[in-house]
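A short write-up of the structure that comes next.
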Number of protein chains: 2
Amino acid sequence: MKIIIDTYGADGGVEVLINGAIKALKKKDFIPVFAGQKIKIEKLIDGRIKNYQIIEATEFIANTDDPVRAIRRKKDSSLVKSFRALKDETYDGMISAGSTGAILAGGLFISGRLEGIDRACLATSLPSKEGSTLLMDTGANMDCKPEFLQEFAIMGKVFSETVLGIENPSVSLLNVGTEEGKGNKLSKKAFTLLADSDINFVGNLEARDLFTGKTNIIIADGFDGNIALKTAEGVISLLKDEINSAIYKSLKTKIGGGLLKSALKENLSKYSADEVGGVPLLGIKDYVYKAHGNSNAYAFSNAILGLIDYIEKDTISKIEGELKCLEKN
Amino acid sequence: MKIIIDTYGADGGVEVLINGAIKALKKKDFIPVFAGQKIKIEKLIDGRIKNYQIIEATEFIANTDDPVRAIRRKKDSSLVKSFRALKDETYDGMISAGSTGAILAGGLFISGRLEGIDRACLATSLPSKEGSTLLMDTGANMDCKPEFLQEFAIMGKVFSETVLGIENPSVSLLNVGTEEGKGNKLSKKAFTLLADSDINFVGNLEARDLFTGKTNIIIADGFDGNIALKTAEGVISLLKDEINSAIYKSLKTKIGGGLLKSALKENLSKYSADEVGGVPLLGIKDYVYKAHGNSNAYAFSNAILGLIDYIEKDTISKIEGELKCLEKN
């Protein structure tokens, strides 16, 4: 299996991504195909990977670039070259830690949308007390129509069944209250559409239940999904800081912290964004994963492994199959 | 000072609210005016408050009632009677733990909006590493126009200066990225309006910075503000559970927990919603506070004290003054 790795976009630079690929190779056999500056990549690999390829790219798309314009004009960028290579059947999937907007634009304009899908979306696995919950969209679509949310739900259902192995997954709508009729215009209309869909829709879910595992899939507009996800990330990081600062307060608390450390780590580590590392861009014809910009090597290796699993389970064909069934009905 | 307390709407029932009033009376002198069932209230007070009044109300507005219809038709409800009484100058402010929608509707249709204000909003004080940040709107307005967000910012500025004592508070817009041009249609338009306003607008803020104290005021649409607030509440509660479960894992961790407990409590207690307990409904002609439905007596006492502070600082007149200044410009 050949996995294209866009070497641009990680806060920690190319090195983090290469180290992530090396970590992933220890768990799974695949051929990494690095898109970026050949000399730099080879120097950083430094003989540590035997079988790899390089797609030479001299240009890069930055977070500050206009996504659509950049995808159209920066033909020699690592991201555009990665997307173009992906159209060739020798490559199986692509991962990038770069600009979310540019990855979405590349997915739409180069890979192309699946038939019956208006918008591609990012599906983030959230840890919960037991297992995980899929939150989608977490940032691809800023202004959604209710129909988009219905499409997200259908794609999420197939992804959950196929990749996560959840039978008939329950689907909820992120909202400000649990009662029907709550929320803004979008959520009211989306509620009706979801209730009429051939999915296991269980109603509205309040944001305080994002991590309680009450549901398998949570549907949201990309703006709201992103706000929820980043709020959670911020609070988790804040509380971890507060716990650490409590531990370092005195000799007594240091001893207490020492006794408690491994139990705390065991309970809290599942809430680290590093455990999943990346999210699929669902709704396009190719297997594309978005890794966090602030990925470390461990997080990036997990993202690569997630992408490989997503590919091996033939998820896109299954989503296409589900969409065709819907069309017939 | 006479404070009307709507005795309906708390998950814990009338008792919690009366106990909250008793707690608040230990810190501050005021006359509680309980709106609700006289017999029940008197029985629960049981001689513990010397000077109080009762507004007899036989009806109640539930969370499931349509807010506008309930305010218009349920004339004998505790909430409508509270709002009506508030128009009488002998009462200074009102607090309710009931339906947010009904409190908003009562504020708009009975108290009335301030001149120059299109929408009233809920302004929630979030704890941060140092001090606090005002997040508004946290749930009163589900579909906002950009102009509403600009009004929230002006009211937030006056509230921060007057009640919180912050000079020239910085104002940020809750968004999915920090760069200008990020976000949905609403946030893009609101950015332009806020940048052109006579406030200290410092740009977009990502949700992961809600609690880092980077800014004094965070402006959001009521749907997004509510999602952010409830996500944070959920994550805080989840991590507290995980910490407790880590402490109770073994004898070793119990000893560790014992040594660490007071330091942890000191660092984490400020993130409890009970510390603030309630939020002002800004933009209406009367002093109205919304307390959490799941308030305990401590949280409710803090909410009452917050309301009294808000009244004593003559905040509404100051907001009116600021709005008049704007009109002239």
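Going through the structure tokens in order, the chains are called A, B, and so on, while each chain numbers its residues from 1 and the ligands are numbered from 1 in the order shown.
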* Asked: Could you pull the residues within 8 Å of stretch 87-99 of chain B, counting only C-alpha atoms, minus those fewer than 3 positions along the same chain, as a ChimeraX atom specification?
  -> /B:1-10,61-63,67,79,82-84,102-103,111,286-293,295,304,307-308,311
Need to verify the contact set: A:Ala220, 6 Å, only C-alpha atoms, exclusion of same-chain residues closer than 6 positions in sequence. Can you return it as an mmCIF file with all heavy atoms, in the first residue's frame?
data_model
loop_
_atom_site.group_PDB
_atom_site.id
_atom_site.type_symbol
_atom_site.label_atom_id
_atom_site.label_comp_id
_atom_site.auth_asym_id
_atom_site.auth_seq_id
_atom_site.Cartn_x
_atom_site.Cartn_y
_atom_site.Cartn_z
ATOM 1 N N MET A 136 -19.192 15.137 13.454
ATOM 2 C CA MET A 136 -19.009 15.593 12.072
ATOM 3 C C MET A 136 -20.093 16.621 11.726
ATOM 4 O O MET A 136 -21.219 16.453 12.151
ATOM 5 C CB MET A 136 -19.063 14.397 11.119
ATOM 6 C CG MET A 136 -20.316 13.549 11.251
ATOM 7 S SD MET A 136 -20.120 11.897 10.568
ATOM 8 C CE MET A 136 -19.999 12.257 8.831
ATOM 9 N N ASP A 137 -19.762 17.667 11.076
ATOM 10 C CA ASP A 137 -18.513 18.108 10.513
ATOM 11 C C ASP A 137 -17.724 18.916 11.561
ATOM 12 O O ASP A 137 -18.324 19.677 12.301
ATOM 13 C CB ASP A 137 -18.854 18.953 9.289
ATOM 14 C CG ASP A 137 -17.678 19.608 8.626
ATOM 15 O OD1 ASP A 137 -16.556 19.145 8.764
ATOM 16 O OD2 ASP A 137 -17.907 20.612 7.939
ATOM 17 N N LEU A 174 -26.290 17.891 17.260
ATOM 18 C CA LEU A 174 -25.761 18.809 18.284
ATOM 19 C C LEU A 174 -26.675 20.032 18.381
ATOM 20 O O LEU A 174 -26.946 20.688 17.381
ATOM 21 C CB LEU A 174 -24.340 19.246 17.907
ATOM 22 C CG LEU A 174 -23.597 20.101 18.941
ATOM 23 C CD1 LEU A 174 -23.343 19.314 20.212
ATOM 24 C CD2 LEU A 174 -22.277 20.625 18.375
#
Any chance you could lay chain A over chain B, fitting all C-alpha atoms in order by least squares, and write the moved chain as a short mmCIF file (atom, residue, chain, number, x, y, z; two decimals) with C-alpha atoms, in the first residue's frame?
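Everything below was put into selection_8.cif:
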data_model
loop_
_atom_site.label_atom_id
_atom_site.label_comp_id
_atom_site.auth_asym_id
_atom_site.auth_seq_id
_atom_site.Cartn_x
_atom_site.Cartn_y
_atom_site.Cartn_z
CA MET A 1 -33.36 46.31 48.17
CA LYS A 2 -36.14 43.95 47.08
CA ILE A 3 -35.15 40.98 44.95
CA ILE A 4 -37.89 38.91 43.35
CA ILE A 5 -37.11 35.19 43.33
CA ASP A 6 -39.11 33.07 40.93
CA THR A 7 -39.45 29.83 42.91
CA TYR A 8 -40.16 27.70 39.86
CA GLY A 9 -37.63 26.09 37.53
CA ALA A 10 -34.80 24.70 39.69
CA ASP A 11 -34.15 20.98 39.25
CA GLY A 12 -33.80 20.75 43.03
CA GLY A 13 -37.17 22.43 43.61
CA VAL A 14 -38.27 25.44 45.68
CA GLU A 15 -36.19 24.35 48.67
CA VAL A 16 -32.86 24.89 46.91
CA LEU A 17 -33.83 28.44 45.96
CA ILE A 18 -34.99 29.34 49.47
CA ASN A 19 -31.82 27.89 50.96
CA GLY A 20 -29.85 29.87 48.40
CA ALA A 21 -31.61 33.08 49.46
CA ILE A 22 -30.82 32.31 53.12
CA LYS A 23 -27.15 31.81 52.23
CA ALA A 24 -27.08 35.10 50.28
CA LEU A 25 -28.73 36.94 53.21
CA LYS A 26 -25.76 35.99 55.37
CA LYS A 27 -23.50 37.99 53.05
CA LYS A 28 -25.77 40.83 51.96
CA ASP A 29 -28.86 42.57 53.29
CA PHE A 30 -31.89 42.51 50.98
CA ILE A 31 -35.58 41.60 51.08
CA PRO A 32 -36.34 38.41 49.16
CA VAL A 33 -39.70 38.42 47.40
CA PHE A 34 -40.64 34.85 46.55
CA ALA A 35 -42.99 34.31 43.61
CA GLY A 36 -44.84 31.00 43.85
CA GLN A 37 -47.12 28.98 46.08
CA LYS A 38 -47.48 30.81 49.38
CA ILE A 39 -48.19 27.79 51.59
CA LYS A 40 -45.27 25.81 50.19
CA ILE A 41 -42.85 28.73 50.44
CA GLU A 42 -43.81 29.60 54.02
CA LYS A 43 -43.48 26.00 55.09
CA LEU A 44 -40.02 25.72 53.56
CA ILE A 45 -38.82 29.03 55.03
CA ASP A 46 -39.99 27.77 58.41
CA GLY A 47 -39.09 30.95 60.30
CA ARG A 48 -35.53 31.08 58.91
CA ILE A 49 -36.03 34.44 57.15
CA LYS A 50 -37.40 37.39 59.16
CA ASN A 51 -38.19 39.89 56.47
CA TYR A 52 -39.55 38.53 53.23
CA GLN A 53 -42.53 38.92 50.92
CA ILE A 54 -44.50 36.60 48.71
CA ILE A 55 -46.05 37.11 45.28
CA GLU A 56 -48.70 34.41 45.11
CA ALA A 57 -48.61 32.49 41.83
CA THR A 58 -50.57 29.35 41.07
CA GLU A 59 -49.27 28.63 37.59
CA PHE A 60 -45.82 27.75 36.24
CA ILE A 61 -44.01 27.95 32.93
CA ALA A 62 -42.18 24.74 32.08
CA ASN A 63 -39.17 24.19 29.81
CA THR A 64 -41.46 22.37 27.41
CA ASP A 65 -43.87 25.34 27.08
CA ASP A 66 -43.57 27.54 24.01
CA PRO A 67 -41.84 30.58 25.59
CA VAL A 68 -43.65 33.40 23.78
CA ARG A 69 -47.06 31.80 24.06
CA ALA A 70 -46.51 30.98 27.75
CA ILE A 71 -45.49 34.55 28.59
CA ARG A 72 -48.57 35.85 26.78
CA ARG A 73 -51.11 33.38 28.15
CA LYS A 74 -49.94 32.15 31.54
CA LYS A 75 -50.81 35.39 33.34
CA ASP A 76 -50.82 33.70 36.74
CA SER A 77 -47.47 32.00 36.33
CA SER A 78 -44.68 32.81 38.79
CA LEU A 79 -42.51 34.16 35.97
CA VAL A 80 -45.11 36.45 34.39
CA LYS A 81 -46.13 37.74 37.84
CA SER A 82 -42.44 38.36 38.66
CA PHE A 83 -41.89 40.31 35.45
CA ARG A 84 -45.09 42.33 35.99
CA ALA A 85 -44.13 43.14 39.60
CA LEU A 86 -40.72 44.26 38.39
CA LYS A 87 -42.34 47.07 36.43
CA ASP A 88 -43.35 48.46 39.82
CA GLU A 89 -40.49 50.56 41.16
CA THR A 90 -40.60 49.01 44.62
CA TYR A 91 -38.81 45.95 43.26
CA ASP A 92 -35.17 46.18 42.19
CA GLY A 93 -34.40 42.98 40.35
CA MET A 94 -35.60 39.47 39.54
CA ILE A 95 -33.92 36.08 39.35
CA SER A 96 -35.26 32.86 37.87
CA ALA A 97 -33.84 29.38 37.34
CA GLY A 98 -36.65 28.64 34.89
CA SER A 99 -36.89 28.34 31.10
CA THR A 100 -34.29 30.52 29.34
CA GLY A 101 -36.66 31.08 26.44
CA ALA A 102 -39.47 32.24 28.73
CA ILE A 103 -37.15 34.57 30.66
CA LEU A 104 -36.02 36.08 27.37
CA ALA A 105 -39.63 36.43 26.16
CA GLY A 106 -40.64 38.02 29.49
CA GLY A 107 -37.72 40.41 29.21
CA LEU A 108 -38.66 41.43 25.69
CA PHE A 109 -42.45 41.59 26.03
CA ILE A 110 -42.93 42.70 29.64
CA SER A 111 -39.76 44.58 30.66
CA GLY A 112 -39.11 45.84 27.15
CA ARG A 113 -35.88 46.37 25.21
CA LEU A 114 -33.55 49.28 25.75
CA GLU A 115 -33.72 51.90 23.03
CA GLY A 116 -31.20 51.09 20.32
CA ILE A 117 -31.04 47.39 21.19
CA ASP A 118 -32.53 44.76 18.87
CA ARG A 119 -31.86 41.68 20.99
CA ALA A 120 -31.26 40.98 24.65
CA CYS A 121 -28.48 38.52 25.42
CA LEU A 122 -27.06 36.34 28.19
CA ALA A 123 -23.57 37.29 29.36
CA THR A 124 -21.75 34.44 31.12
CA SER A 125 -18.62 35.03 33.20
CA LEU A 126 -16.11 32.30 32.43
CA PRO A 127 -13.27 31.67 34.84
CA SER A 128 -9.83 31.96 33.34
CA LYS A 129 -6.33 31.34 34.63
CA GLU A 130 -6.41 34.89 35.95
CA GLY A 131 -9.71 36.70 36.47
CA SER A 132 -12.61 36.03 34.18
CA THR A 133 -13.85 36.46 30.62
CA LEU A 134 -17.36 37.46 29.57
CA LEU A 135 -18.89 35.18 26.92
CA MET A 136 -22.00 36.54 25.24
CA ASP A 137 -24.50 35.51 23.96
CA THR A 138 -24.72 32.11 25.65
CA GLY A 139 -28.16 31.09 24.53
CA ALA A 140 -30.77 33.83 24.16
CA ASN A 141 -30.55 34.33 20.38
CA MET A 142 -30.44 31.36 18.08
CA ASP A 143 -30.16 33.12 14.73
CA CYS A 144 -28.19 36.34 14.96
CA LYS A 145 -27.61 39.11 12.48
CA PRO A 146 -24.12 40.67 12.55
CA GLU A 147 -25.64 43.85 14.04
CA PHE A 148 -26.83 41.89 17.08
CA LEU A 149 -23.27 40.80 17.77
CA GLN A 150 -22.17 44.42 17.60
CA GLU A 151 -24.84 45.34 20.18
CA PHE A 152 -23.69 42.50 22.45
CA ALA A 153 -20.18 43.91 22.30
CA ILE A 154 -21.32 47.38 23.33
CA MET A 155 -23.37 46.02 26.25
CA GLY A 156 -20.52 43.73 27.24
CA LYS A 157 -18.10 46.65 27.26
CA VAL A 158 -20.29 48.64 29.67
CA PHE A 159 -20.95 45.58 31.86
CA SER A 160 -17.23 44.79 32.05
CA GLU A 161 -16.30 48.36 32.86
CA THR A 162 -19.10 48.88 35.39
CA VAL A 163 -19.60 45.56 37.14
CA LEU A 164 -16.24 43.89 36.61
CA GLY A 165 -14.15 47.08 36.84
CA ILE A 166 -12.12 46.42 33.68
CA GLU A 167 -10.94 49.54 31.90
CA ASN A 168 -11.29 49.55 28.11
CA PRO A 169 -11.95 45.79 27.97
CA SER A 170 -10.66 43.87 24.95
CA VAL A 171 -13.34 42.29 22.75
CA SER A 172 -12.86 39.17 20.60
CA LEU A 173 -15.07 37.30 18.18
CA LEU A 174 -15.45 33.55 18.70
CA ASN A 175 -14.35 31.91 15.46
CA VAL A 176 -12.74 28.85 13.90
CA GLY A 177 -9.44 30.60 13.24
CA THR A 178 -7.65 33.76 14.28
CA GLU A 179 -7.04 35.23 10.82
CA GLU A 180 -9.42 37.85 9.40
CA GLY A 181 -11.69 36.28 6.80
CA LYS A 182 -12.07 33.02 8.74
CA GLY A 183 -15.45 31.60 9.69
CA ASN A 184 -19.00 31.59 8.42
CA LYS A 185 -20.97 34.41 6.79
CA LEU A 186 -22.10 35.73 10.16
CA SER A 187 -18.63 35.87 11.68
CA LYS A 188 -17.10 37.49 8.59
CA LYS A 189 -19.69 40.29 8.61
CA ALA A 190 -19.54 40.64 12.39
CA PHE A 191 -15.75 40.98 12.20
CA THR A 192 -16.09 44.01 9.91
CA LEU A 193 -18.74 45.63 12.11
CA LEU A 194 -16.76 45.04 15.31
CA ALA A 195 -13.59 46.37 13.72
CA ASP A 196 -15.47 49.57 12.77
CA SER A 197 -17.03 49.95 16.25
CA ASP A 198 -15.83 52.26 18.98
CA ILE A 199 -14.66 49.32 21.12
CA ASN A 200 -11.31 47.71 21.78
CA PHE A 201 -11.78 44.92 19.20
CA VAL A 202 -8.77 42.61 19.09
CA GLY A 203 -9.93 40.16 16.42
CA ASN A 204 -10.97 36.52 16.18
CA LEU A 205 -10.45 34.07 19.01
CA GLU A 206 -10.37 30.29 18.67
CA ALA A 207 -12.52 28.28 21.06
CA ARG A 208 -9.44 26.66 22.58
CA ASP A 209 -8.67 30.07 24.11
CA LEU A 210 -12.02 30.48 25.86
CA PHE A 211 -10.46 30.01 29.30
CA THR A 212 -6.94 31.29 28.78
CA GLY A 213 -7.82 34.89 29.64
CA LYS A 214 -6.47 36.25 26.33
CA THR A 215 -9.38 38.65 26.11
CA ASN A 216 -11.99 40.27 28.38
CA ILE A 217 -15.09 39.75 26.26
CA ILE A 218 -15.89 37.04 23.71
CA ILE A 219 -18.76 37.69 21.32
CA ALA A 220 -20.73 34.82 19.79
CA ASP A 221 -24.10 33.98 18.32
CA GLY A 222 -26.33 32.47 21.05
CA PHE A 223 -26.24 29.04 19.44
CA ASP A 224 -22.43 28.91 19.24
CA GLY A 225 -21.95 30.52 22.64
CA ASN A 226 -24.20 27.92 24.18
CA ILE A 227 -22.40 25.06 22.40
CA ALA A 228 -19.04 26.36 23.66
CA LEU A 229 -20.29 26.86 27.22
CA LYS A 230 -21.94 23.45 27.49
CA THR A 231 -18.98 21.69 25.87
CA ALA A 232 -16.76 23.24 28.52
CA GLU A 233 -19.15 22.27 31.33
CA GLY A 234 -19.29 18.71 30.01
CA VAL A 235 -15.52 18.34 29.71
CA ILE A 236 -14.89 19.82 33.16
CA SER A 237 -17.38 17.44 34.74
CA LEU A 238 -15.95 14.48 32.77
CA LEU A 239 -12.36 15.19 33.82
CA LYS A 240 -13.36 15.66 37.45
CA ASP A 241 -15.00 12.22 37.30
CA GLU A 242 -11.85 10.75 35.76
CA ILE A 243 -9.66 12.30 38.47
CA ASN A 244 -11.95 10.89 41.17
CA SER A 245 -11.98 7.48 39.56
CA ALA A 246 -8.15 7.56 39.39
CA ILE A 247 -8.01 8.41 43.11
CA TYR A 248 -10.28 5.50 44.07
CA LYS A 249 -8.33 2.90 42.09
CA SER A 250 -6.17 1.47 44.87
CA LEU A 251 -4.88 2.12 48.36
CA LYS A 252 -1.81 3.78 46.86
CA THR A 253 -3.85 6.18 44.72
CA LYS A 254 -6.16 6.92 47.67
CA ILE A 255 -3.17 8.01 49.73
CA GLY A 256 -1.89 10.05 46.78
CA GLY A 257 -5.33 11.61 46.35
CA GLY A 258 -5.44 12.48 50.05
CA LEU A 259 -2.12 14.33 49.81
CA LEU A 260 -3.13 16.12 46.63
CA LYS A 261 -6.80 16.80 47.36
CA SER A 262 -6.70 20.32 48.77
CA ALA A 263 -4.26 21.59 46.13
CA LEU A 264 -6.39 20.05 43.37
CA LYS A 265 -9.54 21.55 44.86
CA GLU A 266 -7.90 24.95 45.07
CA ASN A 267 -6.87 24.84 41.41
CA LEU A 268 -10.06 23.34 40.00
CA SER A 269 -12.84 24.91 42.09
CA LYS A 270 -12.79 28.14 40.09
CA TYR A 271 -13.97 26.16 37.05
CA SER A 272 -17.20 25.17 38.79
CA ALA A 273 -20.34 26.80 37.37
CA ASP A 274 -21.48 27.22 41.00
CA GLU A 275 -19.02 30.06 41.60
CA VAL A 276 -20.97 32.45 39.42
CA GLY A 277 -24.35 30.73 39.54
CA GLY A 278 -26.19 32.96 37.11
CA VAL A 279 -26.01 35.39 34.23
CA PRO A 280 -27.56 38.78 33.50
CA LEU A 281 -30.02 39.23 30.66
CA LEU A 282 -28.53 42.36 29.09
CA GLY A 283 -30.48 44.70 26.81
CA ILE A 284 -33.78 44.97 28.67
CA LYS A 285 -35.11 47.74 30.92
CA ASP A 286 -35.10 45.69 34.14
CA TYR A 287 -32.47 43.89 36.18
CA VAL A 288 -33.01 40.21 35.41
CA TYR A 289 -30.74 37.28 36.19
CA LYS A 290 -30.99 33.74 34.86
CA ALA A 291 -29.77 31.11 37.35
CA HIS A 292 -28.79 27.59 36.24
CA GLY A 293 -31.64 25.09 36.28
CA ASN A 294 -29.38 22.64 38.11
CA SER A 295 -28.38 25.20 40.76
CA ASN A 296 -27.60 24.11 44.29
CA ALA A 297 -28.10 26.53 47.20
CA TYR A 298 -24.48 27.76 47.00
CA ALA A 299 -24.70 28.48 43.26
CA PHE A 300 -28.07 30.22 43.69
CA SER A 301 -26.76 32.38 46.52
CA ASN A 302 -23.87 33.47 44.28
CA ALA A 303 -26.33 34.28 41.51
CA ILE A 304 -28.38 36.48 43.88
CA LEU A 305 -25.22 38.29 45.01
CA GLY A 306 -24.22 38.79 41.34
CA LEU A 307 -27.63 40.28 40.59
CA ILE A 308 -27.41 42.68 43.56
CA ASP A 309 -23.96 43.84 42.43
CA TYR A 310 -25.29 44.35 38.89
CA ILE A 311 -28.13 46.50 40.32
CA GLU A 312 -26.00 48.47 42.79
CA LYS A 313 -23.61 49.50 40.05
CA ASP A 314 -26.47 51.08 38.12
CA THR A 315 -25.42 49.13 35.06
CA ILE A 316 -28.55 49.55 32.95
CA SER A 317 -28.45 53.36 33.13
CA LYS A 318 -24.81 53.20 32.09
CA ILE A 319 -25.62 50.96 29.11
CA GLU A 320 -28.39 53.42 28.16
CA GLY A 321 -25.91 56.27 28.41
CA GLU A 322 -23.44 54.47 26.13
CA LEU A 323 -26.19 53.75 23.59
CA LYS A 324 -27.24 57.41 23.56
CA CYS A 325 -23.65 58.49 22.97
CA LEU A 326 -23.47 56.10 20.01
CA GLU A 327 -26.68 57.51 18.56
CA LYS A 328 -25.27 61.03 18.63
CA ASN A 329 -22.12 60.00 16.79
#
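Secondary structure of stretch 158-267 of chain B, strand (DSSP E) only (DSSP, backbone atoms): Ser170, Val171, Ser172, Leu173, Leu174, Asn175, Asn200, Phe201, Val202, Gly203, Asn204, Leu205, Glu206, Ile217, Ile218 and Ile219 of chain B.
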* From stretch 30-80 of chain A, collect each residue whose DSSP state is alpha helix (DSSP H) and return the set as a list in words. =>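 Residues meeting the alpha helix (DSSP H) criterion: Lys38, Ile39, Lys40, Ile41, Glu42, Lys43, Leu44, Ile45, Pro67, Val68, Arg69, Ala70, Ile71, Arg72, Arg73, Ser78, Leu79 and Val80 of chain A.
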